[in-house]
>>> print(open('data.cif').read())   # mmCIF, C-alpha atoms
data_query
loop_
_atom_site.group_PDB
_atom_site.id
_atom_site.type_symbol
_atom_site.label_atom_id
_atom_site.label_comp_id
_atom_site.auth_asym_id
_atom_site.auth_seq_id
_atom_site.Cartn_x
_atom_site.Cartn_y
_atom_site.Cartn_z
ATOM 1 C CA ARG A 1 111.839 85.832 94.756
ATOM 2 C CA ARG A 2 108.089 86.454 95.027
ATOM 3 C CA ALA A 3 108.148 88.533 91.819
ATOM 4 C CA MET A 4 109.936 85.737 89.977
ATOM 5 C CA GLY A 5 107.343 83.214 91.171
ATOM 6 C CA CYS A 6 104.495 85.449 89.979
ATOM 7 C CA GLN A 7 106.130 85.887 86.572
ATOM 8 C CA ARG A 8 106.400 82.129 86.132
ATOM 9 C CA VAL A 9 102.739 81.686 87.062
ATOM 10 C CA ILE A 10 101.724 84.373 84.543
ATOM 11 C CA ALA A 11 103.827 82.698 81.864
ATOM 12 C CA ALA A 12 102.214 79.330 82.520
ATOM 13 C CA LEU A 13 98.713 80.821 82.466
ATOM 14 C CA ALA A 14 99.533 82.609 79.230
ATOM 15 C CA LEU A 15 100.500 79.336 77.575
ATOM 16 C CA VAL A 16 97.284 77.671 78.705
ATOM 17 C CA ALA A 17 95.341 80.662 77.382
ATOM 18 C CA GLY A 18 97.040 80.365 74.010
ATOM 19 C CA VAL A 19 99.361 83.377 74.210
ATOM 20 C CA SER A 20 102.294 81.988 72.258
ATOM 21 C CA GLY A 21 105.855 82.980 72.901
ATOM 22 C CA PHE A 22 105.387 84.190 76.494
ATOM 23 C CA THR A 23 108.492 83.128 78.400
ATOM 24 C CA VAL A 24 110.386 84.054 81.522
ATOM 25 C CA VAL A 25 114.080 84.649 80.981
ATOM 26 C CA GLY A 26 115.999 85.404 84.148
ATOM 27 C CA SER A 27 113.889 87.965 86.026
ATOM 28 C CA ARG A 28 112.250 89.439 82.893
ATOM 29 C CA GLN A 29 108.946 88.706 81.205
ATOM 30 C CA VAL A 30 109.448 88.355 77.466
ATOM 31 C CA VAL A 31 106.750 88.176 74.809
ATOM 32 C CA ARG A 32 107.994 86.860 71.484
ATOM 33 C CA PRO A 33 105.952 87.187 68.285
ATOM 34 C CA ALA A 34 106.856 83.776 66.907
ATOM 35 C CA SER A 35 104.134 81.139 67.133
ATOM 36 C CA ARG A 36 106.561 78.690 68.687
ATOM 37 C CA VAL A 37 109.513 79.565 70.866
ATOM 38 C CA ALA A 38 112.514 77.307 71.224
ATOM 39 C CA PRO A 39 112.878 76.043 74.829
ATOM 40 C CA LEU A 40 115.437 77.823 76.965
ATOM 41 C CA ALA A 41 116.268 75.066 79.445
ATOM 42 C CA ALA A 42 114.608 75.559 82.844
ATOM 43 C CA ASP A 43 113.833 79.244 82.254
ATOM 44 C CA VAL A 44 110.806 78.466 80.102
ATOM 45 C CA ILE A 45 107.474 77.545 81.668
ATOM 46 C CA ALA A 46 106.076 74.542 79.823
ATOM 47 C CA SER A 47 102.350 73.965 80.154
ATOM 48 C CA PRO A 48 101.051 70.398 80.066
ATOM 49 C CA PHE A 49 97.958 71.763 78.318
ATOM 50 C CA ALA A 50 100.111 73.279 75.559
ATOM 51 C CA SER A 51 101.859 69.970 74.869
ATOM 52 C CA GLY A 52 98.558 68.189 74.293
ATOM 53 C CA ILE A 53 97.101 70.605 71.777
ATOM 54 C CA GLY A 54 95.226 68.755 69.069
ATOM 55 C CA GLU A 55 95.025 65.457 70.940
ATOM 56 C CA ASP A 56 91.506 66.070 72.210
ATOM 57 C CA ASP A 57 89.257 68.406 70.263
ATOM 58 C CA ASP A 58 86.796 68.487 73.164
ATOM 59 C CA ASP A 59 89.269 70.532 75.212
ATOM 60 C CA ASP A 60 88.469 73.648 73.162
ATOM 61 C CA GLU A 61 84.743 73.029 72.847
ATOM 62 C CA GLU A 62 82.790 76.251 73.364
ATOM 63 C CA LEU A 63 80.617 76.211 76.458
ATOM 64 C CA PRO A 64 77.609 78.287 77.595
ATOM 65 C CA LEU A 65 78.075 80.807 80.385
ATOM 66 C CA THR A 66 77.189 79.050 83.632
ATOM 67 C CA LEU A 67 78.840 78.932 87.051
ATOM 68 C CA GLU A 68 79.636 75.262 86.534
ATOM 69 C CA ASN A 69 81.433 75.937 83.233
ATOM 70 C CA VAL A 70 83.378 78.894 84.660
ATOM 71 C CA GLU A 71 84.540 76.663 87.514
ATOM 72 C CA LYS A 72 85.477 73.958 84.994
ATOM 73 C CA VAL A 73 87.784 76.339 83.128
ATOM 74 C CA LEU A 74 89.257 77.740 86.336
ATOM 75 C CA ASP A 75 90.052 74.216 87.494
ATOM 76 C CA GLU A 76 92.489 74.018 84.546
ATOM 77 C CA LEU A 77 94.293 77.125 85.795
ATOM 78 C CA ARG A 78 94.197 76.706 89.561
ATOM 79 C CA PRO A 79 97.259 74.410 89.765
ATOM 80 C CA TYR A 80 99.446 77.251 88.445
ATOM 81 C CA LEU A 81 98.069 79.723 90.989
ATOM 82 C CA MET A 82 98.319 77.210 93.823
ATOM 83 C CA SER A 83 101.949 76.474 92.962
ATOM 84 C CA ASP A 84 102.724 80.048 94.043
ATOM 85 C CA GLY A 85 100.501 80.018 97.136
ATOM 86 C CA GLY A 86 97.408 81.517 95.510
ATOM 87 C CA ASN A 87 93.975 80.564 94.230
ATOM 88 C CA VAL A 88 90.909 82.073 92.572
ATOM 89 C CA ARG A 89 87.191 81.969 93.311
ATOM 90 C CA VAL A 90 84.113 83.168 91.443
ATOM 91 C CA ALA A 91 82.727 86.190 93.288
ATOM 92 C CA ALA A 92 79.781 86.814 90.939
ATOM 93 C CA ILE A 93 78.483 86.443 87.398
ATOM 94 C CA ASP A 94 76.764 89.678 86.387
ATOM 95 C CA GLY A 95 75.277 89.106 82.932
ATOM 96 C CA PRO A 96 78.245 88.623 80.572
ATOM 97 C CA VAL A 97 80.717 89.920 83.185
ATOM 98 C CA VAL A 98 82.516 87.422 85.426
ATOM 99 C CA ARG A 99 83.943 88.732 88.693
ATOM 100 C CA LEU A 100 86.830 86.764 90.156
ATOM 101 C CA GLU A 101 88.645 87.169 93.443
ATOM 102 C CA LEU A 102 92.319 86.226 93.594
ATOM 103 C CA GLU A 103 93.161 84.667 96.945
ATOM 104 C CA GLY A 104 96.304 84.056 98.966
ATOM 105 C CA ALA A 105 99.592 85.275 97.534
ATOM 106 C CA CYS A 106 97.957 86.113 94.195
ATOM 107 C CA GLY A 107 95.551 88.537 95.847
ATOM 108 C CA THR A 108 98.339 90.794 97.144
ATOM 109 C CA CYS A 109 100.750 90.312 94.249
ATOM 110 C CA PRO A 110 101.648 93.443 92.213
ATOM 111 C CA SER A 111 101.165 91.329 89.061
ATOM 112 C CA SER A 112 97.569 90.376 89.935
ATOM 113 C CA THR A 113 96.122 92.484 87.090
ATOM 114 C CA MET A 114 98.333 90.738 84.549
ATOM 115 C CA THR A 115 97.441 87.351 86.032
ATOM 116 C CA MET A 116 93.763 88.210 85.613
ATOM 117 C CA LYS A 117 93.991 89.555 82.056
ATOM 118 C CA MET A 118 96.823 87.535 80.504
ATOM 119 C CA GLY A 119 95.731 84.176 81.854
ATOM 120 C CA LEU A 120 92.314 83.886 83.431
ATOM 121 C CA GLU A 121 90.329 86.254 81.195
ATOM 122 C CA ARG A 122 91.862 85.004 77.949
ATOM 123 C CA ARG A 123 91.190 81.360 78.714
ATOM 124 C CA LEU A 124 87.654 81.946 79.995
ATOM 125 C CA MET A 125 86.657 84.042 76.964
ATOM 126 C CA GLU A 126 88.211 81.490 74.632
ATOM 127 C CA VAL A 127 86.125 78.627 76.014
ATOM 128 C CA ILE A 128 83.014 80.663 76.945
ATOM 129 C CA PRO A 129 82.498 83.288 74.192
ATOM 130 C CA GLU A 130 79.455 84.766 75.973
ATOM 131 C CA ILE A 131 81.808 86.362 78.507
ATOM 132 C CA SER A 132 82.459 90.011 77.616
ATOM 133 C CA GLU A 133 84.874 90.792 80.438
ATOM 134 C CA VAL A 134 86.546 89.295 83.482
ATOM 135 C CA VAL A 135 87.149 91.744 86.316
ATOM 136 C CA GLN A 136 88.907 91.438 89.636
ATOM 137 C CA ALA A 137 86.694 91.583 92.716
ATOM 138 C CA LEU A 138 88.485 92.977 95.746
ATOM 139 C CA PRO A 139 87.784 91.355 99.110
ATOM 140 C CA SER A 140 85.935 93.439 101.683
ATOM 141 C CA ALA A 141 88.387 95.242 103.933
ATOM 142 C CA PRO A 142 88.302 94.923 107.733
ATOM 143 C CA GLU A 143 86.840 97.859 109.635
ATOM 144 C CA LEU A 144 89.384 100.378 110.878
ATOM 145 C CA THR A 145 89.312 100.255 114.679
ATOM 146 C CA TYR A 146 91.781 100.577 117.542
ATOM 147 C CA GLU A 147 91.503 96.834 118.188
ATOM 148 C CA ALA A 148 92.041 95.917 114.520
ATOM 149 C CA VAL A 149 95.184 98.075 114.302
ATOM 150 C CA ASN A 150 96.503 96.368 117.415
ATOM 151 C CA GLU A 151 95.943 92.978 115.756
ATOM 152 C CA VAL A 152 98.177 94.053 112.871
ATOM 153 C CA LEU A 153 100.811 95.364 115.265
ATOM 154 C CA ASP A 154 100.696 92.111 117.252
ATOM 155 C CA GLY A 155 102.075 90.431 114.143
ATOM 156 C CA VAL A 156 105.319 92.418 114.352
ATOM 157 C CA ARG A 157 105.663 92.956 118.112
ATOM 158 C CA PRO A 158 107.426 89.610 118.794
ATOM 159 C CA PHE A 159 110.151 90.487 116.279
ATOM 160 C CA LEU A 160 110.505 94.010 117.661
ATOM 161 C CA SER A 161 110.822 92.746 121.235
ATOM 162 C CA VAL A 162 113.725 90.494 120.236
ATOM 163 C CA ALA A 163 115.500 93.586 118.897
ATOM 164 C CA GLY A 164 114.617 95.584 122.008
ATOM 165 C CA GLY A 165 111.885 97.654 120.387
ATOM 166 C CA GLN A 166 108.169 98.180 120.783
ATOM 167 C CA VAL A 167 105.348 99.882 118.866
ATOM 168 C CA GLU A 168 102.219 101.501 120.290
ATOM 169 C CA ILE A 169 99.182 103.410 119.039
ATOM 170 C CA ILE A 170 99.229 107.085 120.031
ATOM 171 C CA ASP A 171 96.029 108.209 118.306
ATOM 172 C CA LEU A 172 93.461 107.101 115.743
ATOM 173 C CA THR A 173 91.136 109.752 114.344
ATOM 174 C CA GLY A 174 88.821 110.291 111.393
ATOM 175 C CA ILE A 175 87.340 106.785 111.349
ATOM 176 C CA GLY A 176 84.693 106.718 108.630
ATOM 177 C CA SER A 177 85.914 110.004 107.136
ATOM 178 C CA ALA A 178 87.597 110.641 103.790
ATOM 179 C CA GLN A 179 91.050 110.631 105.419
ATOM 180 C CA PRO A 180 91.517 108.705 108.668
ATOM 181 C CA ASN A 181 94.743 109.353 110.534
ATOM 182 C CA LEU A 182 96.790 106.891 112.584
ATOM 183 C CA ILE A 183 99.697 107.979 114.764
ATOM 184 C CA LEU A 184 102.139 105.333 115.989
ATOM 185 C CA CYS A 185 105.196 105.441 118.216
ATOM 186 C CA LEU A 186 108.206 103.187 117.746
ATOM 187 C CA ALA A 187 110.465 103.022 120.795
ATOM 188 C CA GLY A 188 113.643 101.181 121.718
ATOM 189 C CA LYS A 189 116.602 100.102 119.642
ATOM 190 C CA SER A 190 114.463 99.842 116.486
ATOM 191 C CA ALA A 191 113.079 103.384 116.817
ATOM 192 C CA SER A 192 115.497 104.919 114.331
ATOM 193 C CA LEU A 193 115.158 102.204 111.673
ATOM 194 C CA HIS A 194 113.267 103.640 108.701
ATOM 195 C CA SER A 195 112.824 100.167 107.191
ATOM 196 C CA VAL A 196 110.925 98.961 110.298
ATOM 197 C CA LYS A 197 108.514 101.898 110.121
ATOM 198 C CA GLN A 198 108.046 101.340 106.405
ATOM 199 C CA GLU A 199 107.251 97.648 106.896
ATOM 200 C CA ILE A 200 104.675 98.383 109.614
ATOM 201 C CA THR A 201 103.071 101.109 107.478
ATOM 202 C CA GLN A 202 102.813 98.773 104.498
ATOM 203 C CA ARG A 203 101.251 96.025 106.613
ATOM 204 C CA ILE A 204 98.587 98.409 107.861
ATOM 205 C CA HIS A 205 97.774 99.651 104.355
ATOM 206 C CA ARG A 206 97.590 96.101 102.973
ATOM 207 C CA TYR A 207 95.302 94.993 105.798
ATOM 208 C CA PHE A 208 92.785 97.841 105.731
ATOM 209 C CA MET A 209 93.051 98.694 102.001
ATOM 210 C CA LEU A 210 92.210 102.361 102.606
ATOM 211 C CA ALA A 211 93.990 104.503 100.027
ATOM 212 C CA ASN A 212 93.608 107.710 102.075
ATOM 213 C CA LEU A 213 94.679 106.274 105.418
ATOM 214 C CA ARG A 214 97.558 108.357 106.770
ATOM 215 C CA VAL A 215 100.067 106.645 109.030
ATOM 216 C CA GLU A 216 102.332 109.021 110.950
ATOM 217 C CA TRP A 217 105.105 108.403 113.432
ATOM 218 C CA ALA A 218 105.480 110.339 116.669
ATOM 219 C CA GLU A 219 108.997 111.319 117.623
#
>>> encode(input="data.cif", output="structure tokens")
Amino acid sequence: RRAMGCQRVIAALALVAGVSGFTVVGSRQVVRPASRVAPLAADVIASPFASGIGEDDDDDEELPLTLENVEKVLDELRPYLMSDGGNVRVAAIDGPVVRLELEGACGTCPSSTMTMKMGLERRLMEVIPEISEVVQALPSAPELTYEAVNEVLDGVRPFLSVAGGQVEIIDLTGIGSAQPNLILCLAGKSASLHSVKQEITQRIHRYFMLANLRVEWAE
């Protein structure tokens, strides 16, 4: 369901950015070479900006590279991101390079790179030709500590307790090293559920954003 929502957002951004023939059919993203694609009922994302092409020549007026103008262009695109629980903010403008941070659901979405390139970058470079590249700025990750890990675990403990399970930290080593190691113990009725361990592991990796963080489970 989340993937489908992201695909529809990308399709809408693509239309605003002038990428013709980008549609969502079922659960697939389809790019068609034709300049105009016949509507496919509710499966096609229709952009209100696309329908007004040619009505106001000022819409495509080229603008100089300033923070105000970048925000002006992003304001066109934000409704599509917000419709899927996301948003975007300008992290920095470094010469001709604009750094954007995707927030909310868009920040953790697997399609975030496509959202950035297919929609945001295309539209910004179209309106502000001085921009050479738009890159994604990643938010600063929380520090890996015993207390911070417990905060993540507190988010799943109420659900585990209902099922008669509990999760505890056994050991946390290598903080600040190239490969920190976290050992957890899952006890109770949920102890043998691989899916529960996988969900907790994924939450920890998403929260701390440390590629080399090892999460192990004590028997």
>>> atom_distance(input="data.cif", atom1="atom CA of Gln198 of chain A", atom2="atom CA of Gly155 of chain A")
14.6 Å
>>> closest_residue(input="data.cif", among="A:Gly86, A:Gly174, A:Gly165, A:Pro180", to="Lys197 of chain A", atoms="only C-alpha atoms")
A:Gly165
>>> atom_distance(input="data.cif", atom1="atom CA of Glu101 of chain A", atom2="atom CA of Arg203 of chain A")
20.3 Å
>>> resolve_selection(input="data.cif", expression="the PyMOL selection byres ((chain A and resi 144) around 12)", output="ChimeraX atom specification")
/A:141-143,145-152,172-177,179-182,204-205,207-210,213
>>> residues_near_point(input="data.cif", point="(86.0, 94.0, 88.2)", cutoff="10 Å", atoms="all atoms listed in the file", output="list in words")
Ala91, Ala92, Val97, Val98, Arg99, Leu100, Glu101, Glu133, Val134, Val135, Gln136, Ala137 and Leu138 of chain A
>>> write_last_selection(input="data.cif", atoms="C-alpha atoms", output="short mmCIF file (atom, residue, chain, number, x, y, z; two decimals), in the frame of the given file")
data_model
loop_
_atom_site.label_atom_id
_atom_site.label_comp_id
_atom_site.auth_asym_id
_atom_site.auth_seq_id
_atom_site.Cartn_x
_atom_site.Cartn_y
_atom_site.Cartn_z
CA ALA A 91 82.73 86.19 93.29
CA ALA A 92 79.78 86.81 90.94
CA VAL A 97 80.72 89.92 83.18
CA VAL A 98 82.52 87.42 85.43
CA ARG A 99 83.94 88.73 88.69
CA LEU A 100 86.83 86.76 90.16
CA GLU A 101 88.64 87.17 93.44
CA GLU A 133 84.87 90.79 80.44
CA VAL A 134 86.55 89.30 83.48
CA VAL A 135 87.15 91.74 86.32
CA GLN A 136 88.91 91.44 89.64
CA ALA A 137 86.69 91.58 92.72
CA LEU A 138 88.48 92.98 95.75
#
>>> closest_residue(input="data.cif", among="A:Leu77, A:Ile128, A:Met82, A:Leu184", to="Pro64 of chain A", atoms="only C-alpha atoms")
A:Ile128
>>> atom_distance(input="data.cif", atom1="atom CA of Ala191 of chain A", atom2="atom CA of Gln166 of chain A")
8.2 Å
>>> resolve_selection(input="data.cif", expression="the PyMOL selection byres ((chain A and resi 129) around 9)", output="VMD selection string")
chain A and resid 62 to 65 124 to 128 130 to 132
>>> residues_near_point(input="data.cif", point="(85.0, 77.8, 84.8)", cutoff="9 Å", atoms="only C-alpha atoms", output="ChimeraX atom specification")
/A:65-76,90,124,127-128
>>> write_last_selection(input="data.cif", atoms="C-alpha atoms", output="short mmCIF file (atom, residue, chain, number, x, y, z; two decimals), in the coordinates of the input")
data_model
loop_
_atom_site.label_atom_id
_atom_site.label_comp_id
_atom_site.auth_asym_id
_atom_site.auth_seq_id
_atom_site.Cartn_x
_atom_site.Cartn_y
_atom_site.Cartn_z
CA LEU A 65 78.08 80.81 80.39
CA THR A 66 77.19 79.05 83.63
CA LEU A 67 78.84 78.93 87.05
CA GLU A 68 79.64 75.26 86.53
CA ASN A 69 81.43 75.94 83.23
CA VAL A 70 83.38 78.89 84.66
CA GLU A 71 84.54 76.66 87.51
CA LYS A 72 85.48 73.96 84.99
CA VAL A 73 87.78 76.34 83.13
CA LEU A 74 89.26 77.74 86.34
CA ASP A 75 90.05 74.22 87.49
CA GLU A 76 92.49 74.02 84.55
CA VAL A 90 84.11 83.17 91.44
CA LEU A 124 87.65 81.95 80.00
CA VAL A 127 86.12 78.63 76.01
CA ILE A 128 83.01 80.66 76.94
#
>>> closest_residue(input="data.cif", among="A:Ser190, A:Asn87, A:Ser140, A:Thr201", to="Ser161 of chain A", atoms="all atoms listed in the file")
A:Ser190
>>> closest_residue(input="data.cif", among="A:Glu216, A:Asp94, A:Glu61, A:Glu168", to="Gly188 of chain A", atoms="all atoms listed in the file")
A:Glu168
